[in-house]
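Presented below is the structure to which this report refers.
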Amino acid sequence: MKFEVYQIIVPIIGLLVIAMTVRQHLLGKNTFFETSFWIAFWIFVSLIAIFPDPITVFISKTLGIKDNINAIIFTGLALSFFIHFNMFMIIKKQNRTITELVRTIAIQSASKDG
Amino acid sequence: MTRSKDKTRVVIVIPAYNEGGRIGQVVHAVRKQGYPQIVVVNDGSSDETGREAREAGATVLDHAINRGAGAATQTGFSYVLSQLDFDAVVTMDGDNQHEPADLDHMIEEHFAQAADLTIGNRFLQTGNDIPGKRVVFNRVANIVTSMFSWKSVSDSQSGFKVLSREALRKIHIELDGYEFCSEIIIKAHKSDIRIIDVPIAVYYTPESQQKGQSLINGIRTFSNLLQSVIFKSRQL
């Protein structure tokens, strides 16, 4: 089996990112869900890089999309939407937390002054 | 429940962002009407809003950073609920847009009709010179608010409102921006509390026209209300 350059580079990047993600999880910076999600994502990307044809053909057959390139674009878009949605929810939550914090400080300061 | 028209038991909440030069006048005018309990929420202003409000005799709550009119109003509500004894809370704009002389009339109608939410309606009063652009944006906002509340709403964006203690307990503002005006009305309708409209005067200055409803705010309002329905249907 002859490997192209990208088939070596992508899995190496994947391994590095997985190592970083696990380290961040051990440091308490990532939740278990986030860590699992990113590990699964990079394993998936690495496998596609190593075995491009069998995996894309499998996806296209599973989703019922005739062209395997379209299947991979569709899967990428769905994944991208999921990541955007996840980020959107995180930003919303952070905004609510900031507002609550600002509110609590304002009320506590006024109560002390009063 | 005790429902009185004692002016000392009515708290005026004024969210204010960069209202230097105006907020002091508003606080003085409200005090002149006989309402001593005034809470100004200084929403991270970069000017002298906080100092002017304090000097005029208001209790000032300082947001360390700007969070929006909805967030500031809820800060005022949370403070009133936790720290003050009151029968009603009035929200007013801090830019001289509202007529403090309307306070008596609003509160009288609020208690007379046993309302929980009294909306100061700018479109019921004849003689209000409302810019055409504002009329259009308000009509669109009314349609959006009516859609979400399943009730006809004729001034969804008025910042001049009277709320009872019960309304304050039932309505917790979660949208930080100007869309909170619609949120209050939608939540009030869903809480089955009594809502009335009372005509009020309104004055538009160049400063006041820079804030409030605009096309961008209208789109943001619709988008945020839609998100609230999709992601937090229990709250809205």
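Chains: A, B, ... in order of the structure tokens. Residues: from 1 per chain. Ligands: from 1, in order shown.
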As a PyMOL selection string, please: every residue in stretch 145-219 of chain B that DSSP puts in alpha helix (DSSP H). chain B and resi 145-149+165-170+180-190+206-210+215-219
Which residues are close to B:Gly50, i.e. within 12 Å by only C-alpha atoms, leaving aside same-chain residues fewer than 3 positions away? Reply as an MDAnalysis selection string. chainID B and resid 14:24 27 39:47 53:64 94
Which stretch 12-101 of chain A residues have any atom within 10 Å of an atom of stretch 176-187 of chain B, and for each, what is the nearest pair of atoms with distance in Å to one decimal, counting only C-alpha atoms, rows sorted by chain and number, as a Markdown table?
```
| residue | atom | partner | partner_atom | distance |
| --- | --- | --- | --- | --- |
| A:Asn95 | CA | B:Asp176 | CA | 9.0 |
| A:Arg96 | CA | B:Asp176 | CA | 8.6 |
| A:Thr99 | CA | B:Asp176 | CA | 8.0 |
```
Could I get the residues of chain A with an atom no further than 7 Å from an atom of chain B, each paired with its nearest atom pair and that distance in Å to one decimal, using only C-alpha atoms, sorted by chain and residue number, as CSV?
```
residue,atom,partner,partner_atom,distance
A:Thr99,CA,B:Arg67,CA,6.4
A:Val102,CA,B:His63,CA,5.7
A:Arg103,CA,B:Thr75,CA,5.5
A:Ala106,CA,B:Asp62,CA,5.1
A:Ile107,CA,B:Tyr79,CA,6.0
A:Ala110,CA,B:Leu61,CA,5.8
```
Which residue, A:Ile18, A:Ile83, A:Ile98, A:Leu63, has the smallest gap to A:Ser36 when you use only C-alpha atoms? A:Ile18
Can you pull out every residue within 12 Å of A:Leu79, counting only C-alpha atoms, but drop anything in the same chain fewer than 5 positions away, and send it as a CSV table (one decimal) with N, CA, C and O atoms, in the first residue's frame?
```csv
chain,number,residue,atom,x,y,z
A,37,PHE,N,-15.5,14.0,22.4
A,37,PHE,CA,-15.9,14.4,21.0
A,37,PHE,C,-14.7,14.7,20.2
A,37,PHE,O,-14.6,14.2,19.0
A,38,TRP,N,-13.7,15.4,20.7
A,38,TRP,CA,-12.5,15.8,19.9
A,38,TRP,C,-11.6,14.5,19.6
A,38,TRP,O,-11.1,14.4,18.5
A,40,ALA,N,-12.8,11.5,19.2
A,40,ALA,CA,-13.6,10.8,18.1
A,40,ALA,C,-13.4,11.5,16.8
A,40,ALA,O,-13.2,10.8,15.7
A,41,PHE,N,-13.5,12.8,16.8
A,41,PHE,CA,-13.4,13.6,15.6
A,41,PHE,C,-12.0,13.4,14.9
A,41,PHE,O,-11.9,13.1,13.7
A,44,PHE,N,-11.6,9.9,13.5
A,44,PHE,CA,-12.3,9.8,12.2
A,44,PHE,C,-11.6,10.5,11.1
A,44,PHE,O,-11.4,9.9,10.0
A,45,VAL,N,-11.1,11.7,11.3
A,45,VAL,CA,-10.3,12.4,10.2
A,45,VAL,C,-9.1,11.6,9.9
A,45,VAL,O,-8.7,11.4,8.7
A,72,ILE,N,-18.8,13.0,1.8
A,72,ILE,CA,-17.9,13.6,2.8
A,72,ILE,C,-18.1,15.1,3.0
A,72,ILE,O,-18.0,15.6,4.1
A,73,ILE,N,-18.5,15.8,1.9
A,73,ILE,CA,-18.8,17.2,2.0
A,73,ILE,C,-20.1,17.4,3.0
A,73,ILE,O,-20.1,18.2,3.9
A,74,PHE,N,-21.0,16.5,2.7
A,74,PHE,CA,-22.3,16.6,3.5
A,74,PHE,C,-21.9,16.3,5.0
A,74,PHE,O,-22.4,17.0,5.9
A,84,HIS,N,-20.6,24.6,15.4
A,84,HIS,CA,-21.1,26.0,15.5
A,84,HIS,C,-22.2,26.1,16.6
A,84,HIS,O,-22.2,27.0,17.4
A,85,PHE,N,-23.1,25.1,16.5
A,85,PHE,CA,-24.2,25.1,17.5
A,85,PHE,C,-23.6,25.0,18.9
A,85,PHE,O,-24.1,25.7,19.8
A,86,ASN,N,-22.6,24.1,19.1
A,86,ASN,CA,-22.0,23.9,20.4
A,86,ASN,C,-21.4,25.2,20.9
A,86,ASN,O,-21.6,25.6,22.0
```
So how many Å separate atom CA of B:Asn121 and atom CA of B:Gln97, to one decimal?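 One can read the atom CA of B:Asn121 to atom CA of B:Gln97 distance as 13.0 Å.
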Closest to B:Asp197 among B:Glu166, B:Glu109, B:Asp129, B:Glu99, using only C-alpha atoms?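 Once distances to B:Asp197 are computed over only C-alpha atoms, the minimum belongs to B:Glu109.
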Residue among A:Ile12, A:Ile59, A:Met20, A:Glu34 lying closest to A:Met87, counting only C-alpha atoms: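 Among A:Ile12, A:Ile59, A:Met20, A:Glu34, it is A:Glu34 that comes nearest to A:Met87.
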Would you mind reading off the distance between atom CA of A:Asn70 and atom CA of A:Lys2, one decimal, in Å? 24.8 Å
